[in-house]
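Step one of this worksheet: look at the structure below.
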Amino acid sequence: MELAGKNVGVALTGSFCTFEKTFRVLEELRDAGANLYPILSDSAQQITSRFGSPEGYLKRIREITGRDPILSIETAEPLGPSAFLDILAIVPCTGNTAAKLAGGITDSPVLMAAKAHLRVGSPLVIAISTNDGLGMNLKNIGLLLNSKHIYFVPFGQDNHVKKPNSLVAHLELLKPTLELALEHKQYQPVLISYS
C-alpha cells in the first residue's frame with residue numbers, strides 16, 4: 001500500500017548513533033507523500049551526546065516534518081482513541097524501549113503513543129537499534145515479533161566482531177516495511193546480515 005496521503009507517526013528514541021540515517025529515511029517518507037507526525041522519547045528530548053543535541057534534533061525533525069513533535073505522555077495518549085495515525089514507526093527503537101513495550105510499561109511519550117495506537121488495532125513498526133539484541137533483550141524482541149499488529153524493519157548484526165550482541169535495523173527498508181505493515185503483513189526476510 002502506498003504511503004502517499006497516509007498519516008505516519010514517527011517516534012524517535014535515544015539511539016543517537018542512528019539519528020542521521022533516521023533523518024534521511026524520514027525525508028524519503030516525506031518525499032513519498034506521507035504526512036509525518038513526530039514523537040520524541042524523553043531521552044531524545046533531553047540528552048546531549050557526541051552525535052548532537054536535543055535542540056538540534058528538534059530543529060531537524062521540525063524541518064523534515066513541518067510539525068512540532070509530541071513531547072509528553074498526555075499529548076501522545078489521544079492518538080489511540082482518535083485513530084488518527086494510519087501507522088506508527090518507532091525508529092530507532094532502543095532495547096530499553098523494546099523491553100518496556102514487551103513488558104507493558106508506559107512511561108514515555110513514545111511508549112504511550114505505541115500503547116494507544118495498538119489499542120485500536122493499528123500497525124506498529126519497530127526499527128530496532130540495541131547493543132544487547134542477542135543478549136538480555138532477545139527475549140523481548142521475541143515477544144514483540146510474536147505480537148499482533150507489530151512488525152519489524154529487517155535487522156541484523158551490525159558488528160559481530162566488536163559488538164556480538166548488537167542488532168540494528170536496515171533503515172533503507174523502512175518504507176517497504178511500512179507499506180506492507182499497512183496491509184498487516186511482515187516484510188521478509190526479517191533477518192538480514194550486514195555486509
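In the C-alpha cells, chains take letters A, B, ... by order of appearance, with residues numbered from 1 within each chain and ligands from 1 in the order shown.
DSSP on the backbone gives strand (DSSP E or B) for these parts of segment 112-182 of chain A: Leu124, Val125, Ile126, Ala127, Ile128, Ser129, Thr130, Ile150, Tyr151, Phe152, Phe155, Gly156, Leu167, Val168 and Ala169 of chain A.
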Dump C-alpha atoms for the selected residues as a PDB file, in the first residue's frame?
```
ATOM      1  CA  LEU A 124       3.185  -0.584  14.763  1.00  0.00           C
ATOM      2  CA  VAL A 125       6.590  -0.879  13.068  1.00  0.00           C
ATOM      3  CA  ILE A 126       9.784  -1.297  15.075  1.00  0.00           C
ATOM      4  CA  ALA A 127      13.229  -0.402  13.748  1.00  0.00           C
ATOM      5  CA  ILE A 128      15.395  -1.988  16.435  1.00  0.00           C
ATOM      6  CA  SER A 129      18.738  -0.480  17.439  1.00  0.00           C
ATOM      7  CA  THR A 130      20.266  -2.090  20.522  1.00  0.00           C
ATOM      8  CA  ILE A 150       3.665  -5.364  15.479  1.00  0.00           C
ATOM      9  CA  TYR A 151       6.039  -5.532  12.503  1.00  0.00           C
ATOM     10  CA  PHE A 152       9.816  -5.216  12.302  1.00  0.00           C
ATOM     11  CA  PHE A 155      17.561  -6.205  11.118  1.00  0.00           C
ATOM     12  CA  GLY A 156      20.928  -7.846  11.608  1.00  0.00           C
ATOM     13  CA  LEU A 167      21.258  -5.615  16.365  1.00  0.00           C
ATOM     14  CA  VAL A 168      20.365  -2.724  14.063  1.00  0.00           C
ATOM     15  CA  ALA A 169      17.508  -2.325  11.596  1.00  0.00           C
TER      16      ALA A 169
END
```
Note to self: Env of segment 26-42 of chain A: 7 Å cut, atoms = only C-alpha atoms, seq-sep filter 3 positions within chain, self excluded. Answer as a list in words.
What the structure shows: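 Within the cut-off, the hits are Leu3, Ala4, Gly5, Lys6, Asn7, Val8, Gly9, Val10, Ala11, Leu12, Thr13, Thr22, Phe23, Gln45, Gln46, Ile64, Thr65, Arg67, Pro69, Ile70, Leu71, Ser108, Pro109, Val110 and Lys175 of chain A.
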In terms of only C-alpha atoms, the residue from A:Met136, A:Leu174, A:Val190, A:Leu88 at minimal distance from Ala116 of chain A is A:Leu88
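Here atom CA of Asp132 of chain A is placed at a distance of 20.2 Å from atom CA of Phe51 of chain A.
Between atom CA of Gly103 of chain A and atom CA of Gly135 of chain A there is a distance of 16.6 Å.
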Determine which residues of segment 31-185 of chain A DSSP labels as helix (DSSP H, G or I) from the backbone of this structure, then write them out as a PDB file with N, CA and C atoms, in the first residue's frame.
```
ATOM      1  N   ASP A  31       9.011  12.765   1.154  1.00  0.00           N
ATOM      2  CA  ASP A  31       9.030  12.964  -0.295  1.00  0.00           C
ATOM      3  C   ASP A  31       8.110  11.987  -1.023  1.00  0.00           C
ATOM      4  N   ASP A  42      11.688  10.815  26.065  1.00  0.00           N
ATOM      5  CA  ASP A  42      12.321  11.754  26.989  1.00  0.00           C
ATOM      6  C   ASP A  42      13.817  11.844  26.718  1.00  0.00           C
ATOM      7  N   SER A  43      14.467  10.716  26.448  1.00  0.00           N
ATOM      8  CA  SER A  43      15.910  10.722  26.174  1.00  0.00           C
ATOM      9  C   SER A  43      16.229  11.535  24.931  1.00  0.00           C
ATOM     10  N   ALA A  44      15.447  11.363  23.880  1.00  0.00           N
ATOM     11  CA  ALA A  44      15.691  12.102  22.637  1.00  0.00           C
ATOM     12  C   ALA A  44      15.504  13.598  22.831  1.00  0.00           C
ATOM     13  N   GLN A  45      14.682  13.973  23.816  1.00  0.00           N
ATOM     14  CA  GLN A  45      14.437  15.389  24.102  1.00  0.00           C
ATOM     15  C   GLN A  45      15.472  16.010  25.019  1.00  0.00           C
ATOM     16  N   GLN A  46      16.191  15.174  25.800  1.00  0.00           N
ATOM     17  CA  GLN A  46      16.976  15.727  26.905  1.00  0.00           C
ATOM     18  C   GLN A  46      18.473  15.457  26.861  1.00  0.00           C
ATOM     19  N   PRO A  54      19.704  17.849  21.847  1.00  0.00           N
ATOM     20  CA  PRO A  54      18.248  17.835  21.700  1.00  0.00           C
ATOM     21  C   PRO A  54      17.730  19.004  20.856  1.00  0.00           C
ATOM     22  N   GLU A  55      18.342  20.172  21.025  1.00  0.00           N
ATOM     23  CA  GLU A  55      17.912  21.338  20.249  1.00  0.00           C
ATOM     24  C   GLU A  55      18.110  21.090  18.749  1.00  0.00           C
ATOM     25  N   GLY A  56      19.223  20.465  18.410  1.00  0.00           N
ATOM     26  CA  GLY A  56      19.486  20.137  17.009  1.00  0.00           C
ATOM     27  C   GLY A  56      18.525  19.105  16.474  1.00  0.00           C
ATOM     28  N   TYR A  57      18.220  18.081  17.292  1.00  0.00           N
ATOM     29  CA  TYR A  57      17.272  17.043  16.862  1.00  0.00           C
ATOM     30  C   TYR A  57      15.884  17.640  16.631  1.00  0.00           C
ATOM     31  N   LEU A  58      15.451  18.487  17.579  1.00  0.00           N
ATOM     32  CA  LEU A  58      14.124  19.106  17.452  1.00  0.00           C
ATOM     33  C   LEU A  58      14.040  19.981  16.208  1.00  0.00           C
ATOM     34  N   LYS A  59      15.088  20.747  15.970  1.00  0.00           N
ATOM     35  CA  LYS A  59      15.111  21.608  14.788  1.00  0.00           C
ATOM     36  C   LYS A  59      15.021  20.772  13.516  1.00  0.00           C
ATOM     37  N   ARG A  60      15.793  19.713  13.459  1.00  0.00           N
ATOM     38  CA  ARG A  60      15.817  18.869  12.258  1.00  0.00           C
ATOM     39  C   ARG A  60      14.474  18.171  12.031  1.00  0.00           C
ATOM     40  N   ILE A  61      13.875  17.667  13.091  1.00  0.00           N
ATOM     41  CA  ILE A  61      12.607  16.949  12.949  1.00  0.00           C
ATOM     42  C   ILE A  61      11.499  17.906  12.520  1.00  0.00           C
ATOM     43  N   ARG A  62      11.554  19.143  13.010  1.00  0.00           N
ATOM     44  CA  ARG A  62      10.565  20.140  12.573  1.00  0.00           C
ATOM     45  C   ARG A  62      10.754  20.485  11.094  1.00  0.00           C
ATOM     46  N   GLU A  63      12.010  20.597  10.670  1.00  0.00           N
ATOM     47  CA  GLU A  63      12.288  20.904   9.261  1.00  0.00           C
ATOM     48  C   GLU A  63      11.790  19.784   8.352  1.00  0.00           C
ATOM     49  N   ILE A  64      11.985  18.555   8.753  1.00  0.00           N
ATOM     50  CA  ILE A  64      11.604  17.411   7.918  1.00  0.00           C
ATOM     51  C   ILE A  64      10.094  17.245   7.863  1.00  0.00           C
ATOM     52  N   THR A  65       9.442  17.323   9.030  1.00  0.00           N
ATOM     53  CA  THR A  65       8.011  17.011   9.096  1.00  0.00           C
ATOM     54  C   THR A  65       7.107  18.227   8.941  1.00  0.00           C
ATOM     55  N   ILE A  73       3.526  12.470  27.570  1.00  0.00           N
ATOM     56  CA  ILE A  73       2.600  11.335  27.643  1.00  0.00           C
ATOM     57  C   ILE A  73       1.175  11.824  27.412  1.00  0.00           C
ATOM     58  N   GLU A  74       0.851  12.968  27.990  1.00  0.00           N
ATOM     59  CA  GLU A  74      -0.518  13.495  27.888  1.00  0.00           C
ATOM     60  C   GLU A  74      -0.914  13.790  26.440  1.00  0.00           C
ATOM     61  N   THR A  75       0.021  14.314  25.663  1.00  0.00           N
ATOM     62  CA  THR A  75      -0.334  14.640  24.277  1.00  0.00           C
ATOM     63  C   THR A  75      -0.225  13.434  23.356  1.00  0.00           C
ATOM     64  N   ALA A  76       0.442  12.370  23.794  1.00  0.00           N
ATOM     65  CA  ALA A  76       0.541  11.149  22.983  1.00  0.00           C
ATOM     66  C   ALA A  76      -0.692  10.267  23.139  1.00  0.00           C
ATOM     67  N   LEU A  79      -3.742   9.841  20.583  1.00  0.00           N
ATOM     68  CA  LEU A  79      -3.508   9.235  19.268  1.00  0.00           C
ATOM     69  C   LEU A  79      -4.301   7.941  19.102  1.00  0.00           C
ATOM     70  N   GLY A  80      -4.483   7.195  20.181  1.00  0.00           N
ATOM     71  CA  GLY A  80      -5.210   5.930  20.091  1.00  0.00           C
ATOM     72  C   GLY A  80      -6.698   6.112  19.892  1.00  0.00           C
ATOM     73  N   PRO A  81      -7.382   6.750  20.847  1.00  0.00           N
ATOM     74  CA  PRO A  81      -8.836   6.905  20.713  1.00  0.00           C
ATOM     75  C   PRO A  81      -9.268   7.601  19.425  1.00  0.00           C
ATOM     76  N   SER A  82      -8.448   8.531  18.943  1.00  0.00           N
ATOM     77  CA  SER A  82      -8.814   9.245  17.721  1.00  0.00           C
ATOM     78  C   SER A  82      -8.527   8.425  16.469  1.00  0.00           C
ATOM     79  N   GLY A  95      16.797  -0.818  22.878  1.00  0.00           N
ATOM     80  CA  GLY A  95      16.499  -2.016  23.654  1.00  0.00           C
ATOM     81  C   GLY A  95      15.661  -1.687  24.873  1.00  0.00           C
ATOM     82  N   ASN A  96      15.908  -0.532  25.477  1.00  0.00           N
ATOM     83  CA  ASN A  96      15.126  -0.099  26.631  1.00  0.00           C
ATOM     84  C   ASN A  96      13.657   0.065  26.260  1.00  0.00           C
ATOM     85  N   THR A  97      13.401   0.716  25.136  1.00  0.00           N
ATOM     86  CA  THR A  97      12.025   0.914  24.693  1.00  0.00           C
ATOM     87  C   THR A  97      11.375  -0.416  24.332  1.00  0.00           C
ATOM     88  N   ALA A  98      12.107  -1.283  23.638  1.00  0.00           N
ATOM     89  CA  ALA A  98      11.575  -2.607  23.278  1.00  0.00           C
ATOM     90  C   ALA A  98      11.223  -3.403  24.527  1.00  0.00           C
ATOM     91  N   ALA A  99      12.092  -3.379  25.544  1.00  0.00           N
ATOM     92  CA  ALA A  99      11.843  -4.116  26.782  1.00  0.00           C
ATOM     93  C   ALA A  99      10.597  -3.595  27.486  1.00  0.00           C
ATOM     94  N   LYS A 100      10.472  -2.279  27.537  1.00  0.00           N
ATOM     95  CA  LYS A 100       9.299  -1.698  28.200  1.00  0.00           C
ATOM     96  C   LYS A 100       8.024  -1.990  27.418  1.00  0.00           C
ATOM     97  N   LEU A 101       8.096  -1.912  26.104  1.00  0.00           N
ATOM     98  CA  LEU A 101       6.926  -2.225  25.280  1.00  0.00           C
ATOM     99  C   LEU A 101       6.501  -3.673  25.492  1.00  0.00           C
ATOM    100  N   ALA A 102       7.474  -4.592  25.493  1.00  0.00           N
ATOM    101  CA  ALA A 102       7.173  -6.014  25.709  1.00  0.00           C
ATOM    102  C   ALA A 102       6.608  -6.262  27.097  1.00  0.00           C
ATOM    103  N   PRO A 109       6.513   9.410  26.136  1.00  0.00           N
ATOM    104  CA  PRO A 109       5.593   9.737  25.047  1.00  0.00           C
ATOM    105  C   PRO A 109       5.562   8.666  23.958  1.00  0.00           C
ATOM    106  N   VAL A 110       6.721   8.072  23.647  1.00  0.00           N
ATOM    107  CA  VAL A 110       6.780   7.049  22.596  1.00  0.00           C
ATOM    108  C   VAL A 110       6.013   5.803  23.019  1.00  0.00           C
ATOM    109  N   LEU A 111       6.220   5.355  24.252  1.00  0.00           N
ATOM    110  CA  LEU A 111       5.517   4.148  24.721  1.00  0.00           C
ATOM    111  C   LEU A 111       4.015   4.387  24.837  1.00  0.00           C
ATOM    112  N   MET A 112       3.619   5.579  25.273  1.00  0.00           N
ATOM    113  CA  MET A 112       2.184   5.881  25.328  1.00  0.00           C
ATOM    114  C   MET A 112       1.578   5.902  23.931  1.00  0.00           C
ATOM    115  N   ALA A 113       2.298   6.501  22.976  1.00  0.00           N
ATOM    116  CA  ALA A 113       1.794   6.521  21.597  1.00  0.00           C
ATOM    117  C   ALA A 113       1.642   5.098  21.071  1.00  0.00           C
ATOM    118  N   ALA A 114       2.638   4.242  21.339  1.00  0.00           N
ATOM    119  CA  ALA A 114       2.578   2.855  20.873  1.00  0.00           C
ATOM    120  C   ALA A 114       1.411   2.112  21.507  1.00  0.00           C
ATOM    121  N   LYS A 115       1.254   2.246  22.814  1.00  0.00           N
ATOM    122  CA  LYS A 115       0.156   1.568  23.515  1.00  0.00           C
ATOM    123  C   LYS A 115      -1.195   2.045  22.991  1.00  0.00           C
ATOM    124  N   ALA A 116      -1.352   3.352  22.867  1.00  0.00           N
ATOM    125  CA  ALA A 116      -2.618   3.915  22.391  1.00  0.00           C
ATOM    126  C   ALA A 116      -2.911   3.473  20.962  1.00  0.00           C
ATOM    127  N   HIS A 117      -1.872   3.419  20.145  1.00  0.00           N
ATOM    128  CA  HIS A 117      -2.012   3.030  18.739  1.00  0.00           C
ATOM    129  C   HIS A 117      -2.403   1.553  18.616  1.00  0.00           C
ATOM    130  N   LEU A 118      -1.750   0.703  19.395  1.00  0.00           N
ATOM    131  CA  LEU A 118      -2.063  -0.729  19.355  1.00  0.00           C
ATOM    132  C   LEU A 118      -3.460  -1.016  19.903  1.00  0.00           C
ATOM    133  N   ARG A 119      -3.906  -0.183  20.822  1.00  0.00           N
ATOM    134  CA  ARG A 119      -5.222  -0.381  21.438  1.00  0.00           C
ATOM    135  C   ARG A 119      -6.343  -0.392  20.399  1.00  0.00           C
ATOM    136  N   LEU A 138      16.984 -10.197  23.780  1.00  0.00           N
ATOM    137  CA  LEU A 138      16.486 -11.155  22.786  1.00  0.00           C
ATOM    138  C   LEU A 138      15.087 -11.652  23.137  1.00  0.00           C
ATOM    139  N   LYS A 139      14.841 -11.900  24.413  1.00  0.00           N
ATOM    140  CA  LYS A 139      13.514 -12.385  24.816  1.00  0.00           C
ATOM    141  C   LYS A 139      12.432 -11.349  24.511  1.00  0.00           C
ATOM    142  N   ASN A 140      12.764 -10.060  24.683  1.00  0.00           N
ATOM    143  CA  ASN A 140      11.784  -9.001  24.405  1.00  0.00           C
ATOM    144  C   ASN A 140      11.510  -8.874  22.909  1.00  0.00           C
ATOM    145  N   ILE A 141      12.564  -8.982  22.117  1.00  0.00           N
ATOM    146  CA  ILE A 141      12.382  -8.939  20.661  1.00  0.00           C
ATOM    147  C   ILE A 141      11.523 -10.118  20.220  1.00  0.00           C
ATOM    148  N   GLY A 142      11.773 -11.289  20.812  1.00  0.00           N
ATOM    149  CA  GLY A 142      10.958 -12.465  20.500  1.00  0.00           C
ATOM    150  C   GLY A 142       9.490 -12.256  20.838  1.00  0.00           C
ATOM    151  N   LEU A 143       9.227 -11.670  21.991  1.00  0.00           N
ATOM    152  CA  LEU A 143       7.839 -11.393  22.382  1.00  0.00           C
ATOM    153  C   LEU A 143       7.175 -10.434  21.396  1.00  0.00           C
ATOM    154  N   LEU A 144       7.905  -9.402  21.010  1.00  0.00           N
ATOM    155  CA  LEU A 144       7.338  -8.407  20.100  1.00  0.00           C
ATOM    156  C   LEU A 144       7.139  -8.976  18.694  1.00  0.00           C
ATOM    157  N   LEU A 145       8.081  -9.818  18.244  1.00  0.00           N
ATOM    158  CA  LEU A 145       7.927 -10.450  16.925  1.00  0.00           C
ATOM    159  C   LEU A 145       6.671 -11.305  16.867  1.00  0.00           C
ATOM    160  N   LEU A 171      17.562   0.508   7.894  1.00  0.00           N
ATOM    161  CA  LEU A 171      16.617   1.610   7.728  1.00  0.00           C
ATOM    162  C   LEU A 171      16.250   1.882   6.276  1.00  0.00           C
ATOM    163  N   GLU A 172      17.070   1.458   5.335  1.00  0.00           N
ATOM    164  CA  GLU A 172      16.716   1.622   3.930  1.00  0.00           C
ATOM    165  C   GLU A 172      15.469   0.802   3.566  1.00  0.00           C
ATOM    166  N   LEU A 173      15.077  -0.114   4.469  1.00  0.00           N
ATOM    167  CA  LEU A 173      13.879  -0.935   4.243  1.00  0.00           C
ATOM    168  C   LEU A 173      12.671  -0.445   5.046  1.00  0.00           C
ATOM    169  N   LEU A 174      12.784   0.736   5.647  1.00  0.00           N
ATOM    170  CA  LEU A 174      11.659   1.262   6.420  1.00  0.00           C
ATOM    171  C   LEU A 174      10.428   1.466   5.539  1.00  0.00           C
ATOM    172  N   LYS A 175      10.603   2.103   4.402  1.00  0.00           N
ATOM    173  CA  LYS A 175       9.450   2.414   3.547  1.00  0.00           C
ATOM    174  C   LYS A 175       8.707   1.148   3.100  1.00  0.00           C
ATOM    175  N   PRO A 176       9.376   0.139   2.522  1.00  0.00           N
ATOM    176  CA  PRO A 176       8.620  -1.053   2.135  1.00  0.00           C
ATOM    177  C   PRO A 176       8.035  -1.809   3.327  1.00  0.00           C
ATOM    178  N   THR A 177       8.702  -1.725   4.482  1.00  0.00           N
ATOM    179  CA  THR A 177       8.147  -2.369   5.679  1.00  0.00           C
ATOM    180  C   THR A 177       6.847  -1.691   6.082  1.00  0.00           C
ATOM    181  N   LEU A 178       6.836  -0.358   6.055  1.00  0.00           N
ATOM    182  CA  LEU A 178       5.616   0.387   6.375  1.00  0.00           C
ATOM    183  C   LEU A 178       4.498   0.063   5.390  1.00  0.00           C
ATOM    184  N   GLU A 179       4.842   0.010   4.122  1.00  0.00           N
ATOM    185  CA  GLU A 179       3.823  -0.256   3.097  1.00  0.00           C
ATOM    186  C   GLU A 179       3.172  -1.615   3.304  1.00  0.00           C
ATOM    187  N   LEU A 180       3.958  -2.631   3.619  1.00  0.00           N
ATOM    188  CA  LEU A 180       3.389  -3.958   3.867  1.00  0.00           C
ATOM    189  C   LEU A 180       2.639  -4.017   5.191  1.00  0.00           C
ATOM    190  N   ALA A 181       3.176  -3.344   6.216  1.00  0.00           N
ATOM    191  CA  ALA A 181       2.506  -3.353   7.516  1.00  0.00           C
ATOM    192  C   ALA A 181       1.123  -2.713   7.433  1.00  0.00           C
TER     193      ALA A 181
END
```
Original post:
Given the choices A:Val153, A:Ala83, A:Leu134, A:Leu182, which gets closest to Ser166 of chain A if the distance is worked out from only C-alpha atoms?
Top reply: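 Going through A:Val153, A:Ala83, A:Leu134, A:Leu182 one by one, the smallest distance to Ser166 of chain A is for A:Leu134.
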Of A:Gln188, A:Met1, A:Lys148, A:Asn137, the one nearest to Asp86 of chain A when counting only C-alpha atoms is A:Met1
